[in-house]
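Participant: Hey, dropping target-v7.tsv in here, TSV, C-alpha atoms and all ligand atoms:
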```tsv
chain	number	residue	atom	x	y	z
A	119	MET	CA	21.07	25.54	79.98
A	120	ARG	CA	21.19	27.99	77.09
A	121	VAL	CA	24.34	28.03	74.98
A	122	LEU	CA	25.64	30.56	72.46
A	123	VAL	CA	27.57	29.06	69.53
A	124	THR	CA	29.79	31.52	67.62
A	125	GLY	CA	30.74	30.64	64.04
A	126	ALA	CA	27.67	28.42	64.03
A	127	GLY	CA	27.24	28.67	60.25
A	128	GLY	CA	30.66	27.16	59.55
A	129	ARG	CA	31.69	23.58	58.87
A	130	LEU	CA	32.14	22.58	62.50
A	131	GLY	CA	29.29	24.87	63.54
A	132	SER	CA	26.67	22.97	61.57
A	133	ASP	CA	27.71	19.69	63.26
A	134	VAL	CA	27.69	21.40	66.64
A	135	LEU	CA	24.18	22.76	66.09
A	136	ALA	CA	22.94	19.30	65.09
A	137	ARG	CA	24.55	17.74	68.15
A	138	LEU	CA	23.23	20.30	70.63
A	139	ARG	CA	19.75	20.03	69.13
A	140	ASP	CA	19.91	16.23	69.58
A	141	ASP	CA	20.98	16.79	73.19
A	142	GLY	CA	17.91	18.98	73.72
A	143	MET	CA	19.90	22.13	74.49
A	144	ARG	CA	18.51	25.62	74.05
A	145	VAL	CA	20.77	27.06	71.39
A	146	ARG	CA	21.53	30.59	70.27
A	147	ALA	CA	23.74	30.76	67.19
A	148	SER	CA	25.70	33.74	65.92
A	149	SER	CA	26.75	34.72	62.44
A	150	ARG	CA	27.73	37.98	60.75
A	151	ARG	CA	24.62	37.80	58.62
A	152	PRO	CA	20.97	37.09	59.41
A	153	ARG	CA	20.11	33.40	59.25
A	154	THR	CA	17.19	31.22	60.22
A	155	GLY	CA	16.88	27.57	61.10
A	156	PRO	CA	14.84	25.08	63.08
A	157	ASP	CA	15.11	25.02	66.88
A	158	VAL	CA	17.85	27.65	66.91
A	159	GLU	CA	17.70	31.35	67.73
A	160	TRP	CA	20.03	33.06	65.25
A	161	VAL	CA	21.58	36.42	66.15
A	162	VAL	CA	23.93	38.69	64.23
A	163	ALA	CA	27.31	39.47	65.81
A	164	ASP	CA	30.72	40.44	64.45
A	165	LEU	CA	33.87	39.69	66.42
A	166	ALA	CA	35.90	42.13	64.32
A	167	THR	CA	33.87	45.12	65.45
A	168	GLY	CA	32.14	43.83	68.58
A	169	ASP	CA	28.75	44.70	67.06
A	170	GLY	CA	26.01	42.49	68.49
A	171	LEU	CA	28.23	40.66	70.99
A	172	ALA	CA	26.61	42.09	74.14
A	173	GLU	CA	23.17	41.09	72.87
A	174	ALA	CA	24.44	37.66	71.78
A	175	VAL	CA	25.69	36.74	75.25
A	176	THR	CA	22.78	38.19	77.22
A	177	GLY	CA	20.80	35.41	78.85
A	178	VAL	CA	23.12	32.54	77.93
A	179	ASP	CA	24.83	30.32	80.49
A	180	THR	CA	27.63	29.00	78.33
A	181	VAL	CA	29.48	29.85	75.10
A	182	LEU	CA	30.99	27.53	72.49
A	183	HIS	CA	33.41	29.76	70.61
A	184	LEU	CA	34.09	28.38	67.12
A	185	ALA	CA	34.28	31.54	64.98
A	186	SER	CA	37.59	32.17	63.29
A	187	SER	CA	39.03	33.99	60.30
A	188	PRO	CA	42.05	32.05	59.01
A	189	ARG	CA	42.27	33.87	55.68
A	190	GLY	CA	42.60	37.51	56.70
A	191	ARG	CA	42.04	39.84	59.66
A	192	THR	CA	43.00	36.90	61.87
A	193	HIS	CA	44.46	39.02	64.67
A	194	GLN	CA	41.44	41.32	64.61
A	195	VAL	CA	38.90	38.48	64.63
A	196	ASP	CA	40.58	35.60	66.46
A	197	VAL	CA	42.63	37.42	69.08
A	198	LEU	CA	40.97	40.80	69.63
A	199	GLY	CA	37.53	39.39	68.77
A	200	THR	CA	37.99	36.62	71.34
A	201	ARG	CA	38.94	39.27	73.89
A	202	ARG	CA	35.76	41.23	73.05
A	203	LEU	CA	33.73	38.06	73.43
A	204	VAL	CA	35.31	37.20	76.81
A	205	VAL	CA	34.67	40.72	78.13
A	206	ALA	CA	31.04	40.61	76.98
A	207	ALA	CA	30.58	37.09	78.40
A	208	ALA	CA	32.00	38.13	81.76
A	209	ALA	CA	29.66	41.13	81.91
A	210	ALA	CA	26.71	38.85	81.13
A	211	GLY	CA	27.65	36.36	83.87
A	212	VAL	CA	28.48	33.45	81.53
A	213	SER	CA	29.61	30.48	83.61
A	214	HIS	CA	31.66	28.52	81.04
A	215	LEU	CA	33.35	29.40	77.75
A	216	VAL	CA	34.67	26.56	75.57
A	217	TYR	CA	37.14	27.53	72.86
A	218	ILE	CA	37.99	25.28	69.91
A	219	SER	CA	41.63	25.33	68.95
A	220	ILE	CA	43.98	23.13	66.93
A	221	VAL	CA	46.49	20.46	67.92
A	222	GLY	CA	49.96	21.87	67.31
A	223	VAL	CA	49.26	25.58	67.76
A	224	ASP	CA	52.02	25.61	70.38
A	225	ARG	CA	54.53	23.79	68.14
A	226	VAL	CA	53.97	24.38	64.44
A	227	PRO	CA	55.15	27.81	63.22
A	228	ILE	CA	52.19	28.85	61.04
A	229	PRO	CA	50.97	32.45	61.45
A	230	TYR	CA	47.33	31.32	61.85
A	231	TYR	CA	48.38	28.99	64.68
A	232	ARG	CA	50.19	31.85	66.44
A	233	HIS	CA	46.88	33.72	66.52
A	234	LYS	CA	44.97	30.64	67.73
A	235	LEU	CA	47.51	30.22	70.55
A	236	ALA	CA	47.14	33.90	71.47
A	237	ALA	CA	43.35	33.47	71.52
A	238	GLU	CA	43.71	30.45	73.85
A	239	GLN	CA	45.77	32.66	76.15
A	240	VAL	CA	43.10	35.38	76.08
A	241	VAL	CA	40.50	32.79	77.12
A	242	ALA	CA	42.73	31.33	79.85
A	243	ALA	CA	43.61	34.75	81.29
A	244	GLY	CA	40.02	35.97	81.30
A	245	PRO	CA	37.52	35.99	84.15
A	246	VAL	CA	35.08	33.47	82.62
A	247	PRO	CA	35.60	29.80	83.66
A	248	TRP	CA	36.97	28.09	80.57
A	249	SER	CA	37.96	25.01	78.61
A	250	VAL	CA	40.01	24.65	75.43
A	251	LEU	CA	39.61	21.71	73.08
A	252	ARG	CA	42.39	21.34	70.51
A	253	ALA	CA	41.29	19.16	67.60
A	254	THR	CA	43.35	17.79	64.72
A	255	GLN	CA	42.49	18.64	61.08
A	256	PHE	CA	39.09	17.83	59.67
A	257	PRO	CA	39.26	15.49	56.63
A	258	GLN	CA	37.48	18.11	54.51
A	259	PHE	CA	40.47	20.43	55.09
A	260	LEU	CA	42.93	17.84	53.75
A	261	ASP	CA	40.56	16.99	50.90
A	262	ASP	CA	40.28	20.68	49.88
A	263	LEU	CA	44.06	21.07	50.08
A	264	LEU	CA	44.66	18.09	47.80
A	265	ALA	CA	41.93	19.12	45.35
A	266	THR	CA	43.39	22.63	45.09
A	267	SER	CA	46.85	21.25	44.48
A	268	ALA	CA	45.59	18.71	41.90
A	269	ARG	CA	43.86	21.47	39.91
A	270	LEU	CA	47.30	22.88	39.14
A	271	GLY	CA	48.82	19.55	38.06
A	272	PRO	CA	50.57	17.03	40.30
A	273	VAL	CA	49.71	16.91	44.00
A	274	LEU	CA	52.52	18.69	45.80
A	275	GLY	CA	53.44	17.58	49.26
A	276	ASP	CA	56.00	16.44	51.78
A	277	ARG	CA	55.60	12.66	51.95
A	278	ALA	CA	56.63	12.38	55.58
A	279	VAL	CA	54.30	14.98	57.10
A	280	LEU	CA	52.01	13.33	59.64
A	281	ALA	CA	48.29	14.04	59.87
A	282	GLN	CA	45.45	12.64	61.99
A	283	PRO	CA	42.14	13.65	60.41
A	284	VAL	CA	39.18	13.80	62.78
A	285	ASP	CA	35.52	13.89	61.84
A	286	PRO	CA	33.98	17.27	62.78
A	287	ALA	CA	30.80	15.52	63.98
A	288	GLU	CA	32.94	13.68	66.53
A	289	VAL	CA	34.59	16.95	67.53
A	290	ALA	CA	31.10	18.39	67.98
A	291	ALA	CA	30.20	15.49	70.29
A	292	ARG	CA	33.38	16.08	72.28
A	293	LEU	CA	32.59	19.80	72.61
A	294	ALA	CA	29.08	18.99	73.81
A	295	ALA	CA	30.52	16.57	76.38
A	296	ARG	CA	32.96	19.21	77.61
A	297	LEU	CA	30.12	21.69	77.91
A	298	ALA	CA	28.15	19.23	80.02
A	299	ALA	CA	31.17	18.37	82.19
A	300	GLY	CA	31.84	22.01	83.12
A	301	PRO	CA	34.97	24.16	83.00
A	302	LEU	CA	38.27	22.29	82.80
A	303	GLY	CA	40.44	25.37	83.34
A	304	GLY	CA	42.85	23.67	80.95
A	305	ILE	CA	43.43	22.24	77.49
A	306	GLU	CA	42.42	18.84	76.18
A	307	GLU	CA	43.24	17.37	72.79
A	308	PHE	CA	41.18	15.22	70.46
A	309	GLY	CA	42.37	13.54	67.29
A	310	GLY	CA	41.23	11.04	64.71
A	311	PRO	CA	41.76	7.29	64.90
A	312	GLN	CA	44.81	7.03	62.61
A	313	VAL	CA	48.07	8.87	62.15
A	314	LEU	CA	48.75	8.94	58.40
A	315	ARG	CA	51.81	9.93	56.45
A	316	PHE	CA	50.99	12.46	53.77
A	317	ASP	CA	51.87	10.00	50.97
A	318	GLU	CA	49.50	7.37	52.44
A	319	ALA	CA	46.72	9.94	52.67
A	320	VAL	CA	47.33	11.02	49.07
A	321	ARG	CA	47.37	7.42	47.80
A	322	ALA	CA	43.97	6.70	49.34
A	323	TRP	CA	42.62	10.02	48.03
A	324	ARG	CA	43.80	9.31	44.48
A	325	GLU	CA	42.26	5.82	44.57
A	326	ALA	CA	38.94	7.14	45.89
A	327	ARG	CA	38.77	9.79	43.16
A	328	GLY	CA	40.15	7.59	40.42
A	329	SER	CA	42.76	10.30	39.94
A	330	ARG	CA	45.97	9.81	38.02
A	331	ARG	CA	47.59	12.93	39.42
A	332	PRO	CA	51.04	11.92	40.68
A	333	LEU	CA	52.40	13.05	44.04
A	334	LEU	CA	55.29	15.38	43.40
A	335	PRO	CA	57.32	15.18	46.59
A	336	VAL	CA	58.65	18.41	48.02
A	337	ARG	CA	60.50	18.73	51.29
A	338	ILE	CA	59.09	21.51	53.44
A	339	PRO	CA	62.17	23.35	54.67
A	340	GLY	CA	63.20	24.66	58.06
A	341	ARG	CA	61.49	24.37	61.41
A	342	LEU	CA	58.03	24.19	59.84
A	343	GLY	CA	58.98	21.04	57.92
A	344	ARG	CA	60.72	19.49	60.93
A	345	GLU	CA	57.68	20.03	63.16
A	346	LEU	CA	55.23	18.71	60.56
A	347	ARG	CA	57.32	15.58	59.97
A	348	ALA	CA	57.88	15.05	63.70
A	349	GLY	CA	54.16	14.90	64.41
A	350	GLY	CA	53.46	18.51	65.37
A	351	LEU	CA	49.88	18.12	64.11
A	352	VAL	CA	49.08	14.84	65.85
A	353	THR	CA	48.20	13.87	69.39
A	354	GLU	CA	48.40	10.74	71.53
A	355	ALA	CA	45.43	11.90	73.61
A	356	LEU	CA	42.69	9.38	74.31
A	357	PRO	CA	39.90	8.83	73.53
A	358	ARG	CA	40.16	9.34	69.79
A	359	GLY	CA	37.55	9.64	67.09
A	360	VAL	CA	36.54	6.50	65.23
A	361	ARG	CA	35.80	7.70	61.71
A	362	THR	CA	38.76	7.27	59.39
A	363	TRP	CA	40.12	9.12	56.37
A	364	ALA	CA	38.88	6.15	54.30
A	365	ASP	CA	35.37	6.64	55.76
A	366	HIS	CA	35.44	10.28	54.67
A	367	LEU	CA	36.65	9.36	51.18
A	368	SER	CA	34.02	6.68	50.85
A	369	ASP	CA	31.25	9.08	52.02
A	370	THR	CA	32.47	11.80	49.68
A	371	TYR	CA	33.45	9.88	46.57
A	372	GLY	CA	31.58	6.61	46.98
A	373	GLY	CA	33.22	3.28	46.28
A	374	THR	CA	35.23	1.33	48.79
A	375	ALA	CA	38.20	3.37	49.84
A	376	ARG	CA	40.76	1.20	51.66
A	377	ARG	CA	40.79	1.42	55.45
A	401	LIG	N1	39.07	23.11	59.73
A	401	LIG	C1	39.84	22.32	60.51
A	401	LIG	O1	40.45	21.35	60.04
A	401	LIG	C2	39.92	22.62	62.01
A	401	LIG	C3	40.60	21.73	62.85
A	401	LIG	C4	40.65	22.00	64.22
A	401	LIG	C5	40.05	23.15	64.73
A	401	LIG	N2	39.42	24.01	63.88
A	401	LIG	C6	38.80	25.23	64.44
A	401	LIG	O2	37.41	25.01	64.42
A	401	LIG	C7	36.75	26.27	64.24
A	401	LIG	C8	35.75	26.16	63.10
A	401	LIG	O3	36.43	25.72	61.95
A	401	LIG	P1	35.63	25.52	60.57
A	401	LIG	O4	36.53	24.77	59.67
A	401	LIG	O5	34.25	25.09	60.86
A	401	LIG	O6	35.63	27.05	60.08
A	401	LIG	P2	34.61	27.80	59.09
A	401	LIG	O7	33.77	26.87	58.33
A	401	LIG	O8	35.46	28.79	58.34
A	401	LIG	O9	33.68	28.60	60.12
A	401	LIG	C9	34.19	29.69	60.86
A	401	LIG	C10	33.07	30.67	61.05
A	401	LIG	O10	33.62	31.84	61.70
A	401	LIG	C11	32.75	32.90	61.43
A	401	LIG	N3	33.44	34.18	61.39
A	401	LIG	C12	34.44	34.56	60.56
A	401	LIG	N4	34.75	35.86	60.80
A	401	LIG	C13	33.92	36.29	61.80
A	401	LIG	C14	33.74	37.52	62.48
A	401	LIG	N5	34.46	38.61	62.14
A	401	LIG	N6	32.80	37.59	63.44
A	401	LIG	C15	32.04	36.52	63.77
A	401	LIG	N7	32.15	35.34	63.15
A	401	LIG	C16	33.09	35.22	62.18
A	401	LIG	C17	32.10	32.62	60.06
A	401	LIG	O11	30.71	32.70	60.25
A	401	LIG	P3	29.75	33.74	59.41
A	401	LIG	O12	30.31	33.82	58.01
A	401	LIG	O13	28.42	33.05	59.48
A	401	LIG	O14	29.80	35.02	60.16
A	401	LIG	C18	32.47	31.17	59.77
A	401	LIG	O15	31.33	30.39	59.43
A	401	LIG	C19	37.85	27.31	64.02
A	401	LIG	O16	38.06	28.00	65.24
A	401	LIG	C20	39.06	26.48	63.65
A	401	LIG	O17	40.27	27.08	64.02
A	401	LIG	C21	39.31	23.77	62.54
```
Translate the structure of the given file into structure tokens.

Facilitator:
Amino acid sequence: MRVLVTGAGGRLGSDVLARLRDDGMRVRASSRRPRTGPDVEWVVADLATGDGLAEAVTGVDTVLHLASSPRGRTHQVDVLGTRRLVVAAAAAGVSHLVYISIVGVDRVPIPYYRHKLAAEQVVAAGPVPWSVLRATQFPQFLDDLLATSARLGPVLGDRAVLAQPVDPAEVAARLAARLAAGPLGGIEEFGGPQVLRFDEAVRAWREARGSRRPLLPVRIPGRLGRELRAGGLVTEALPRGVRTWADHLSDTYGGTARR
């Protein structure tokens, strides 16, 4: 089976490529710029314009669609770009398209999530047999968020927001398993092993970094805050990943972060 991976140069993409290589799959990977790498055929394709998409899907059996543009042109790339990809994949006779989405896109009122939900709907309404995997946040995302906040002074955050970080390598394994299992025609969720309150996550992060930055509590107002505190970003779905936030902190900062 030959698989096309979109967004293959991104954070999740690099774990997906490693996983598919280990599984012995024939992999084509797309990016907006020319790249090279071992055991992977790189092609150039842009979801925003459609350039290169027809060539990217020609001769592949399945597509793992990871590409996304959260920080600008999101509708153009994530929603319309996904539609362009589905149309091209249908024309090429692709037998399964797996789309990576995010736990909470149907609950948490963030503009990016609205676009991810619309992209899910494009996939589900299209002619190509499909699966959607909604994952919770990667620990690197939370880490980046905290580091950005700490650069400005205290770490700002709503203590009671719930998060469930999941290791992207485990998400990659789950995507590969879904690919092997065939089209679900539905949505499955996958989260990390622990549901953490934001203040717990920050405490462990500060200890791991030896940081003295205090947490300055803010209460996120309105429906957004209510959803985030009520667990809009977490899932009870089983199985879960096994690598914890403490594992990520220990890998990233060394030492013995508390489990
Ligand atoms: N980060 C999280 O915590 C998280 C959690 C759950 C689900 N997800 C989902 O997982 C996926 C990957 O996330 P990530 O964190 O790995 O993102 P990432 O590192 O930003 O990778 C996304 C990739 O999308 C590609 N891309 C952007 N605009 C494009 C365009 N116009 N045409 C084609 N490709 C384009 C980029 O590849 P090039 O620059 O090489 O073109 C980029 O490497 C996303 O769909 C995201 O919503 C993320």

Participant: Please, which residues have at least one atom within 6 Å of an atom of ligand LIG 401 (chain A), using only C-alpha atoms and all ligand atoms, listed as a ChimeraX atom specification?

Facilitator: /A:125,127-131,149-150,163-166,184-187,195,218-220,253-256,259

Participant: From the set A:Asp157, A:Ala278, A:Arg341, A:Asp369, which residue has the shortest atom-to-atom contact distance to Ile228 of chain A, counting all atoms listed in the file?

Facilitator: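 Of all the options, A:Arg341 lies closest to Ile228 of chain A.
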
Participant: Do you have the atom CA of Glu325 of chain A-atom CA of Val313 of chain A distance handy?

Facilitator: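 Interatomic distance, atom CA of Glu325 of chain A to atom CA of Val313 of chain A: 18.8 Å.
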
Participant: Give me the residues within 10 Å of Asp141 of chain A as JSON, numbers by chain, counting all atoms listed in the file and dropping any in the same chain fewer than 5 places off.

Facilitator: {"A": [135, 136, 291, 294]}

Participant: Export C-alpha atoms of the chosen residues as a PDB file, in the frame of the given file?

Facilitator:
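Final file, part.pdb:
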```
ATOM      1  CA  LEU A 135      24.180  22.760  66.090  1.00  0.00           C
ATOM      2  CA  ALA A 136      22.940  19.300  65.090  1.00  0.00           C
ATOM      3  CA  ALA A 291      30.200  15.490  70.290  1.00  0.00           C
ATOM      4  CA  ALA A 294      29.080  18.990  73.810  1.00  0.00           C
TER       5      ALA A 294
END
```

Participant: Counting all atoms listed in the file, which residue out of A:Pro247, A:Gly372, A:Pro227, A:Gly155 sits closest to Gly304 of chain A?

Facilitator: A:Pro247

Participant: Pick out the residues sitting within 8 Å of Arg331 of chain A, and hand them over as an MDAnalysis selection string; count only C-alpha atoms, and ignore anything fewer than 2 positions along from it in its own chain.

Facilitator: chainID A and resid 268 271:273 324 329 333

Participant: Name the residues in contact with Val175 of chain A at a cut-off of 12 Å, using all atoms listed in the file, excluding same-chain residues fewer than 2 positions from it; report them as a VMD selection string.

Facilitator: chain A and resid 120 to 124 145 to 148 161 to 163 168 to 173 177 to 183 202 to 215

Participant: So that all listed atoms of segment 158-171 of chain A fit with 3 Å spare on each side, what axis-aligned box centre and edge lengths in Å, to one decimal, would you give as lines of an AutoDock Vina configuration file?

Facilitator:
```
center_x = 26.8
center_y = 36.4
center_z = 67.6
size_x = 24.2
size_y = 23.5
size_z = 12.8
```

Participant: Near Ala281 of chain A, counting all atoms listed in the file, which residues have an atom at most 9 Å away, once you skip same-chain residues fewer than 6 positions from it, shown as a list of chain:residue names?

Facilitator: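 Selected residues are A:Thr254, A:Gln255, A:Leu260, A:Gln312, A:Val313, A:Leu314, A:Arg315, A:Phe316, A:Ala319, A:Leu346, A:Gly349, A:Gly350, A:Leu351, A:Val352.
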
Participant: Give me, please, the distance in Å between atom CA of Tyr371 of chain A and atom CA of Arg330 of chain A, quoted to one decimal.

Facilitator: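 We find that atom CA of Tyr371 of chain A and atom CA of Arg330 of chain A lie 15.2 Å from each other.
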
Participant: Mind giving me the straight-line distance from atom CA of Val336 of chain A to atom CA of Leu274 of chain A in Å, one decimal?

Facilitator: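 For atom CA of Val336 of chain A relative to atom CA of Leu274 of chain A, the distance reads 6.5 Å.
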
Participant: Using all atoms listed in the file, find the one residue out of A:Gly244, A:Gly275, A:Gly190, A:Pro286 that sits nearest to Arg137 of chain A.

Facilitator: A:Pro286

Participant: Which is closest to Tyr217 of chain A among A:Leu356, A:Leu280, A:Val241, A:Ala236, if we use only C-alpha atoms?

Facilitator: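 The answer is A:Val241, which sits nearest to Tyr217 of chain A.
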
Participant: Pick the closest to Glu288 of chain A from A:Phe308, A:Asp196, A:Val240, A:Ala364: which is it, counting only C-alpha atoms?

Facilitator: A:Phe308

Participant: Nearest to Gly340 of chain A among A:Val226, A:Ala299, A:Leu251, A:Leu270, with distances taken over all atoms listed in the file: which residue is it?

Facilitator: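 Looking at the shortest contact to Gly340 of chain A, the residue is A:Val226.
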
Participant: What would the file be for segment 287-372 of chain A if you keep C-alpha atoms and write it as an mmCIF file, in the first residue's frame?

Facilitator:
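Result written to result-v8.cif:
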```cif
data_model
loop_
_atom_site.group_PDB
_atom_site.id
_atom_site.type_symbol
_atom_site.label_atom_id
_atom_site.label_comp_id
_atom_site.auth_asym_id
_atom_site.auth_seq_id
_atom_site.Cartn_x
_atom_site.Cartn_y
_atom_site.Cartn_z
ATOM 1 C CA ALA A 287 4.495 9.576 18.418
ATOM 2 C CA GLU A 288 1.583 7.723 20.009
ATOM 3 C CA VAL A 289 -0.860 9.647 17.829
ATOM 4 C CA ALA A 290 1.246 8.604 14.839
ATOM 5 C CA ALA A 291 0.958 4.955 15.897
ATOM 6 C CA ARG A 292 -2.801 5.350 16.241
ATOM 7 C CA LEU A 293 -3.048 6.904 12.771
ATOM 8 C CA ALA A 294 -1.022 4.045 11.299
ATOM 9 C CA ALA A 295 -3.327 1.534 13.012
ATOM 10 C CA ARG A 296 -6.398 3.303 11.629
ATOM 11 C CA LEU A 297 -4.865 3.252 8.175
ATOM 12 C CA ALA A 298 -4.291 -0.491 8.447
ATOM 13 C CA ALA A 299 -7.799 -1.126 9.808
ATOM 14 C CA GLY A 300 -9.515 0.624 6.879
ATOM 15 C CA PRO A 301 -12.174 3.337 6.710
ATOM 16 C CA LEU A 302 -14.214 3.878 9.867
ATOM 17 C CA GLY A 303 -16.718 6.243 8.246
ATOM 18 C CA GLY A 304 -16.730 7.984 11.616
ATOM 19 C CA ILE A 305 -14.733 9.794 14.275
ATOM 20 C CA GLU A 306 -12.566 8.294 16.983
ATOM 21 C CA GLU A 307 -10.783 10.139 19.770
ATOM 22 C CA PHE A 308 -7.394 9.590 21.332
ATOM 23 C CA GLY A 309 -5.994 11.325 24.386
ATOM 24 C CA GLY A 310 -3.076 11.159 26.757
ATOM 25 C CA PRO A 311 -2.959 9.110 29.949
ATOM 26 C CA GLN A 312 -3.771 11.892 32.438
ATOM 27 C CA VAL A 313 -6.250 14.718 32.697
ATOM 28 C CA LEU A 314 -4.396 17.629 34.307
ATOM 29 C CA ARG A 315 -5.638 20.909 35.684
ATOM 30 C CA PHE A 316 -3.750 23.836 34.220
ATOM 31 C CA ASP A 317 -2.229 24.735 37.618
ATOM 32 C CA GLU A 318 -0.923 21.161 38.056
ATOM 33 C CA ALA A 319 0.597 21.236 34.576
ATOM 34 C CA VAL A 320 2.234 24.601 35.297
ATOM 35 C CA ARG A 321 3.614 23.423 38.648
ATOM 36 C CA ALA A 322 5.337 20.437 37.039
ATOM 37 C CA TRP A 323 6.617 22.636 34.201
ATOM 38 C CA ARG A 324 8.098 25.189 36.609
ATOM 39 C CA GLU A 325 9.799 22.440 38.631
ATOM 40 C CA ALA A 326 11.236 20.810 35.502
ATOM 41 C CA ARG A 327 12.646 24.132 34.277
ATOM 42 C CA GLY A 328 13.712 25.362 37.680
ATOM 43 C CA SER A 329 11.584 28.410 36.937
ATOM 44 C CA ARG A 330 10.462 30.882 39.563
ATOM 45 C CA ARG A 331 7.818 32.433 37.343
ATOM 46 C CA PRO A 332 4.596 32.534 39.351
ATOM 47 C CA LEU A 333 1.248 31.476 37.904
ATOM 48 C CA LEU A 334 -0.927 34.550 37.653
ATOM 49 C CA PRO A 335 -4.444 33.153 37.646
ATOM 50 C CA VAL A 336 -6.907 34.617 35.185
ATOM 51 C CA ARG A 337 -10.431 33.381 34.656
ATOM 52 C CA ILE A 338 -11.206 32.871 30.985
ATOM 53 C CA PRO A 339 -14.620 34.463 30.550
ATOM 54 C CA GLY A 340 -17.763 33.345 28.777
ATOM 55 C CA ARG A 341 -18.549 30.118 26.993
ATOM 56 C CA LEU A 342 -14.905 29.545 26.043
ATOM 57 C CA GLY A 343 -13.877 29.479 29.706
ATOM 58 C CA ARG A 344 -16.830 27.303 30.704
ATOM 59 C CA GLU A 345 -16.045 24.724 28.014
ATOM 60 C CA LEU A 346 -12.325 24.656 28.821
ATOM 61 C CA ARG A 347 -12.993 24.195 32.553
ATOM 62 C CA ALA A 348 -15.680 21.580 31.909
ATOM 63 C CA GLY A 349 -13.298 19.349 29.984
ATOM 64 C CA GLY A 350 -13.997 20.446 26.419
ATOM 65 C CA LEU A 351 -10.432 19.491 25.459
ATOM 66 C CA VAL A 352 -10.366 16.054 27.078
ATOM 67 C CA THR A 353 -11.780 12.675 26.165
ATOM 68 C CA GLU A 354 -12.754 9.505 28.008
ATOM 69 C CA ALA A 355 -12.032 7.415 24.907
ATOM 70 C CA LEU A 356 -9.973 4.262 25.360
ATOM 71 C CA PRO A 357 -7.282 3.242 24.738
ATOM 72 C CA ARG A 358 -5.195 6.219 25.789
ATOM 73 C CA GLY A 359 -1.563 7.077 25.256
ATOM 74 C CA VAL A 360 0.910 6.098 27.961
ATOM 75 C CA ARG A 361 3.493 8.877 27.896
ATOM 76 C CA THR A 362 2.800 11.535 30.492
ATOM 77 C CA TRP A 363 3.370 15.276 30.742
ATOM 78 C CA ALA A 364 6.124 14.439 33.259
ATOM 79 C CA ASP A 365 7.762 12.152 30.662
ATOM 80 C CA HIS A 366 7.779 15.020 28.174
ATOM 81 C CA LEU A 367 9.238 17.429 30.743
ATOM 82 C CA SER A 368 11.890 14.945 31.736
ATOM 83 C CA ASP A 369 12.832 14.278 28.069
ATOM 84 C CA THR A 370 12.929 17.992 27.305
ATOM 85 C CA TYR A 371 14.487 19.468 30.428
ATOM 86 C CA GLY A 372 16.195 16.467 32.006
#
```
